[in-house]
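*Asks:* Here's a structure for you.
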Amino acid sequence: MGRGRVQLKRIENKINRQVTFSKRRSGLLKKAHEISVLCDAEVALIIFSTKGKLYEYSTDSSMEKILERYEHYSYAEKAIMSSDFESQGNWCHEYGKLKAKIEVLSKSQRHLMGEQLDSLNLKELQQLEHQLEISLKHIRSRKSQVMFDNIAELQRKEKALREQNKNLERELMEKQKANALTQQAHCWEQAQTSTSSPPPLIGEHHPTLNIGSYQRRASAAGHDEEAAQAQVRISNSLLPPWMLRPLNG
């Protein structure tokens with residue numbers, strides 16, 4: 001049968017207690033050495049017996065370095081915990097202050113809205129009225145400034161639109177002038193094309209060019225006709241023939 005579980009309590013027998021202490025101390029030191037070697041850990045073990053005798057174990061680094069490191073971490077943790085407690089206390093105090101400020105602001109807002117005025121005396125009501133008058137003056141001043149700014153902005157936009165309209169009118173007039181010039185040039189070209197004719201050919205008979213020859217022929221015909229009429233008149237006269245010969249010749 002296996003060994004039963006030993007109840008953990010103080011051994012009353014002094015000899016048995018001393019023997020158990022020696023055995024457990026040796027086992028504890030052995031385990032500390034094993035864990036330091038197997039796990040590459042820094043281990044420091046301090047044991048005081050009932051008579052005050054010291055038993056200690058430390059790894060390759062000295063016991064003082066390990067204790068200093070322990071104190072550093074221990075004090076740092078205590079400082080963090082104390083700072084957390086202080087900050088928690090500060091947060092609680094700050095929460096109370098902020099809550100009171102919120103209540104005061106809410107109460108002041110309700111008074112400005114004309115609510116819950118029963119608790120105010122005459123002096124407080126006068127102060128509230130003065131505060132409202134100052135606030136109303138600031139509001140009206142800001143309103144006037146905003147209106148003036150809007151008017152100035154609208155005037156600037158109107159000026160820009162007028163300039164844009166003038167530019168568009170100028171461009172439209174220039175385009176109309178260009179179109180009119182183009183149409184006039186086109187009409188002039190058409191007129192020149194319609195009135196122009198090919199030059200006359202050489203040797204072509206043209207009535208206007210033979211006016212002189214026609215006049216000469218007409219004058220010659222008239223002269224012959226007059227000579228014939230004179231011959232007729234002479235032949236009808238009683239002149240002798242020898243006088244008529246010069247006329248015929």
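Ordered as shown in the structure tokens, chains take letters A, B, and onward, while each chain numbers its residues from 1 and ligands are numbered from 1 in the order shown.
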Which residues come within 12 Å of region 101-113 of chain A, counting only C-alpha atoms, excluding same-chain residues fewer than 5 positions away, as a list in words?
*Replies:* Glu94, Tyr95, Gly96, Asp118, Ser119, Leu120, Glu124, Leu125, Gln127, Leu128, Glu129, His130, Gln131, Leu132, Glu133, Ser135 and Leu136 of chain A
*Asks:* Restricted to N, CA, C and O atoms, what would the selected residues look like written as a PDB file, in the first residue's frame?
*Replies:*
ATOM      1  N   GLU A  94     -11.662  64.464  -8.595  1.00  0.00           N
ATOM      2  CA  GLU A  94     -11.949  65.185  -9.832  1.00  0.00           C
ATOM      3  C   GLU A  94     -13.382  64.948 -10.295  1.00  0.00           C
ATOM      4  O   GLU A  94     -14.044  65.867 -10.809  1.00  0.00           O
ATOM      5  N   TYR A  95     -13.852  63.731 -10.127  1.00  0.00           N
ATOM      6  CA  TYR A  95     -15.231  63.427 -10.511  1.00  0.00           C
ATOM      7  C   TYR A  95     -16.218  64.256  -9.701  1.00  0.00           C
ATOM      8  O   TYR A  95     -17.203  64.791 -10.249  1.00  0.00           O
ATOM      9  N   GLY A  96     -15.944  64.405  -8.416  1.00  0.00           N
ATOM     10  CA  GLY A  96     -16.825  65.221  -7.588  1.00  0.00           C
ATOM     11  C   GLY A  96     -16.819  66.677  -8.021  1.00  0.00           C
ATOM     12  O   GLY A  96     -17.881  67.328  -8.092  1.00  0.00           O
ATOM     13  N   ASP A 118     -37.660  80.889  -9.136  1.00  0.00           N
ATOM     14  CA  ASP A 118     -38.287  81.145  -7.829  1.00  0.00           C
ATOM     15  C   ASP A 118     -37.260  81.245  -6.709  1.00  0.00           C
ATOM     16  O   ASP A 118     -37.471  81.970  -5.721  1.00  0.00           O
ATOM     17  N   SER A 119     -36.158  80.544  -6.860  1.00  0.00           N
ATOM     18  CA  SER A 119     -35.148  80.526  -5.787  1.00  0.00           C
ATOM     19  C   SER A 119     -34.216  81.729  -5.834  1.00  0.00           C
ATOM     20  O   SER A 119     -33.364  81.874  -4.947  1.00  0.00           O
ATOM     21  N   LEU A 120     -34.341  82.621  -6.817  1.00  0.00           N
ATOM     22  CA  LEU A 120     -33.450  83.768  -6.952  1.00  0.00           C
ATOM     23  C   LEU A 120     -34.041  84.987  -6.252  1.00  0.00           C
ATOM     24  O   LEU A 120     -35.256  85.231  -6.311  1.00  0.00           O
ATOM     25  N   GLU A 124     -29.898  88.729  -7.457  1.00  0.00           N
ATOM     26  CA  GLU A 124     -29.546  87.686  -8.431  1.00  0.00           C
ATOM     27  C   GLU A 124     -30.325  87.858  -9.731  1.00  0.00           C
ATOM     28  O   GLU A 124     -29.780  87.649 -10.835  1.00  0.00           O
ATOM     29  N   LEU A 125     -31.588  88.284  -9.623  1.00  0.00           N
ATOM     30  CA  LEU A 125     -32.375  88.529 -10.829  1.00  0.00           C
ATOM     31  C   LEU A 125     -31.817  89.711 -11.627  1.00  0.00           C
ATOM     32  O   LEU A 125     -31.782  89.693 -12.870  1.00  0.00           O
ATOM     33  N   GLN A 127     -28.665  90.705 -11.642  1.00  0.00           N
ATOM     34  CA  GLN A 127     -27.434  90.221 -12.268  1.00  0.00           C
ATOM     35  C   GLN A 127     -27.736  89.374 -13.508  1.00  0.00           C
ATOM     36  O   GLN A 127     -27.071  89.496 -14.539  1.00  0.00           O
ATOM     37  N   LEU A 128     -28.764  88.552 -13.403  1.00  0.00           N
ATOM     38  CA  LEU A 128     -29.163  87.732 -14.546  1.00  0.00           C
ATOM     39  C   LEU A 128     -29.648  88.599 -15.704  1.00  0.00           C
ATOM     40  O   LEU A 128     -29.321  88.360 -16.873  1.00  0.00           O
ATOM     41  N   GLU A 129     -30.413  89.650 -15.367  1.00  0.00           N
ATOM     42  CA  GLU A 129     -30.900  90.555 -16.408  1.00  0.00           C
ATOM     43  C   GLU A 129     -29.744  91.276 -17.094  1.00  0.00           C
ATOM     44  O   GLU A 129     -29.700  91.410 -18.333  1.00  0.00           O
ATOM     45  N   HIS A 130     -28.776  91.751 -16.282  1.00  0.00           N
ATOM     46  CA  HIS A 130     -27.607  92.427 -16.848  1.00  0.00           C
ATOM     47  C   HIS A 130     -26.803  91.480 -17.745  1.00  0.00           C
ATOM     48  O   HIS A 130     -26.346  91.867 -18.834  1.00  0.00           O
ATOM     49  N   GLN A 131     -26.673  90.263 -17.310  1.00  0.00           N
ATOM     50  CA  GLN A 131     -25.953  89.275 -18.113  1.00  0.00           C
ATOM     51  C   GLN A 131     -26.662  89.004 -19.431  1.00  0.00           C
ATOM     52  O   GLN A 131     -26.027  88.895 -20.498  1.00  0.00           O
ATOM     53  N   LEU A 132     -27.984  88.932 -19.382  1.00  0.00           N
ATOM     54  CA  LEU A 132     -28.748  88.717 -20.611  1.00  0.00           C
ATOM     55  C   LEU A 132     -28.620  89.913 -21.555  1.00  0.00           C
ATOM     56  O   LEU A 132     -28.539  89.734 -22.790  1.00  0.00           O
ATOM     57  N   GLU A 133     -28.626  91.145 -21.010  1.00  0.00           N
ATOM     58  CA  GLU A 133     -28.472  92.320 -21.859  1.00  0.00           C
ATOM     59  C   GLU A 133     -27.110  92.326 -22.547  1.00  0.00           C
ATOM     60  O   GLU A 133     -27.004  92.639 -23.751  1.00  0.00           O
ATOM     61  N   SER A 135     -25.257  89.695 -23.179  1.00  0.00           N
ATOM     62  CA  SER A 135     -25.265  88.618 -24.168  1.00  0.00           C
ATOM     63  C   SER A 135     -26.042  89.019 -25.415  1.00  0.00           C
ATOM     64  O   SER A 135     -25.616  88.735 -26.549  1.00  0.00           O
ATOM     65  N   LEU A 136     -27.186  89.697 -25.223  1.00  0.00           N
ATOM     66  CA  LEU A 136     -27.977  90.133 -26.358  1.00  0.00           C
ATOM     67  C   LEU A 136     -27.224  91.163 -27.204  1.00  0.00           C
ATOM     68  O   LEU A 136     -27.301  91.149 -28.444  1.00  0.00           O
TER      69      LEU A 136
END
*Asks:* Using backbone DSSP assignments, extract all helix (DSSP H, G or I) residues from region 13-181 of chain A; output them as number ranges by chain.
*Replies:* A: 14-38, 63-112, 122-181
*Asks:* Suppose you want the space between CA of His72 (chain A) and CA of Gly52 (chain A); what is it in Å?
*Replies:*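 So the answer is 26.7 Å.
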*Asks:* Find the residues around region 31-36 of chain A up to 9 Å (only C-alpha atoms counted), leave out those fewer than 5 positions away in its own chain, and share them as a list in words.
*Replies:*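 Selected residues are Ser26, Ala41, Glu42, Val43, Ala44, Leu45, Tyr57, Ser58 and Thr59 of chain A.
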*Asks:* Can you spit out the residues from that selection as a CSV table (one decimal), in the first residue's frame, using all heavy atoms?
*Replies:*
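The resulting file, again-v2.csv, is reproduced below:
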chain,number,residue,atom,x,y,z
A,26,SER,N,17.7,20.1,2.8
A,26,SER,CA,18.6,19.6,1.8
A,26,SER,C,17.9,19.4,0.5
A,26,SER,O,18.4,19.7,-0.6
A,26,SER,CB,19.2,18.3,2.3
A,26,SER,OG,20.0,18.4,3.5
A,41,ALA,N,17.7,29.9,-14.7
A,41,ALA,CA,17.0,30.9,-13.9
A,41,ALA,C,18.0,31.3,-12.8
A,41,ALA,O,18.8,30.6,-12.4
A,41,ALA,CB,15.7,30.4,-13.4
A,42,GLU,N,17.8,32.6,-12.4
A,42,GLU,CA,18.5,33.1,-11.2
A,42,GLU,C,17.7,32.8,-10.0
A,42,GLU,O,16.6,33.3,-9.8
A,42,GLU,CB,18.8,34.6,-11.4
A,42,GLU,CG,19.7,34.9,-12.5
A,42,GLU,CD,20.0,36.4,-12.6
A,42,GLU,OE1,19.5,37.1,-11.7
A,42,GLU,OE2,20.7,36.9,-13.5
A,43,VAL,N,18.3,32.1,-9.1
A,43,VAL,CA,17.6,31.6,-7.9
A,43,VAL,C,18.3,32.0,-6.7
A,43,VAL,O,19.6,31.9,-6.6
A,43,VAL,CB,17.4,30.1,-7.9
A,43,VAL,CG1,16.7,29.6,-6.6
A,43,VAL,CG2,16.7,29.6,-9.2
A,44,ALA,N,17.6,32.5,-5.7
A,44,ALA,CA,18.2,32.9,-4.4
A,44,ALA,C,17.3,32.3,-3.3
A,44,ALA,O,16.1,32.5,-3.3
A,44,ALA,CB,18.3,34.4,-4.2
A,45,LEU,N,17.9,31.5,-2.4
A,45,LEU,CA,17.1,30.8,-1.4
A,45,LEU,C,17.8,31.2,0.0
A,45,LEU,O,19.0,31.0,0.2
A,45,LEU,CB,17.2,29.3,-1.6
A,45,LEU,CG,16.5,28.4,-0.6
A,45,LEU,CD1,15.0,28.7,-0.5
A,45,LEU,CD2,16.8,26.9,-0.9
A,57,TYR,N,21.2,29.8,-0.7
A,57,TYR,CA,21.7,29.3,-2.0
A,57,TYR,C,21.5,30.4,-3.0
A,57,TYR,O,20.4,31.0,-3.0
A,57,TYR,CB,21.1,28.0,-2.4
A,57,TYR,CG,21.4,27.6,-3.8
A,57,TYR,CD1,22.6,26.9,-4.1
A,57,TYR,CD2,20.5,27.9,-4.8
A,57,TYR,CE1,22.9,26.6,-5.4
A,57,TYR,CE2,20.8,27.5,-6.1
A,57,TYR,CZ,22.0,26.8,-6.4
A,57,TYR,OH,22.3,26.5,-7.7
A,58,SER,N,22.4,30.6,-3.9
A,58,SER,CA,22.3,31.5,-5.0
A,58,SER,C,23.0,31.0,-6.2
A,58,SER,O,23.9,30.2,-6.1
A,58,SER,CB,22.8,32.9,-4.6
A,58,SER,OG,24.2,32.8,-4.4
A,59,THR,N,22.6,31.4,-7.4
A,59,THR,CA,23.2,31.0,-8.6
A,59,THR,C,24.5,31.7,-8.8
A,59,THR,O,25.1,32.3,-7.8
A,59,THR,CB,22.3,31.3,-9.8
A,59,THR,OG1,21.9,32.7,-9.8
A,59,THR,CG2,21.0,30.5,-9.7
*Asks:* Measure the distance from CA of Phe21 (chain A) to CA of Leu38 (chain A) in Å and round it to one decimal.
*Replies:* 25.3 Å
*Asks:* Record the distance separating CA of Gln155 (chain A) and CA of Arg142 (chain A), expressed in Å with one decimal.
*Replies:* 20.0 Å
*Asks:* Give the strand (DSSP E) residues of region 52-146 of chain A, as DSSP finds them on the backbone, and put them as a list in words.
*Replies:* Leu54, Tyr55, Glu56, Tyr57 and Ser58 of chain A
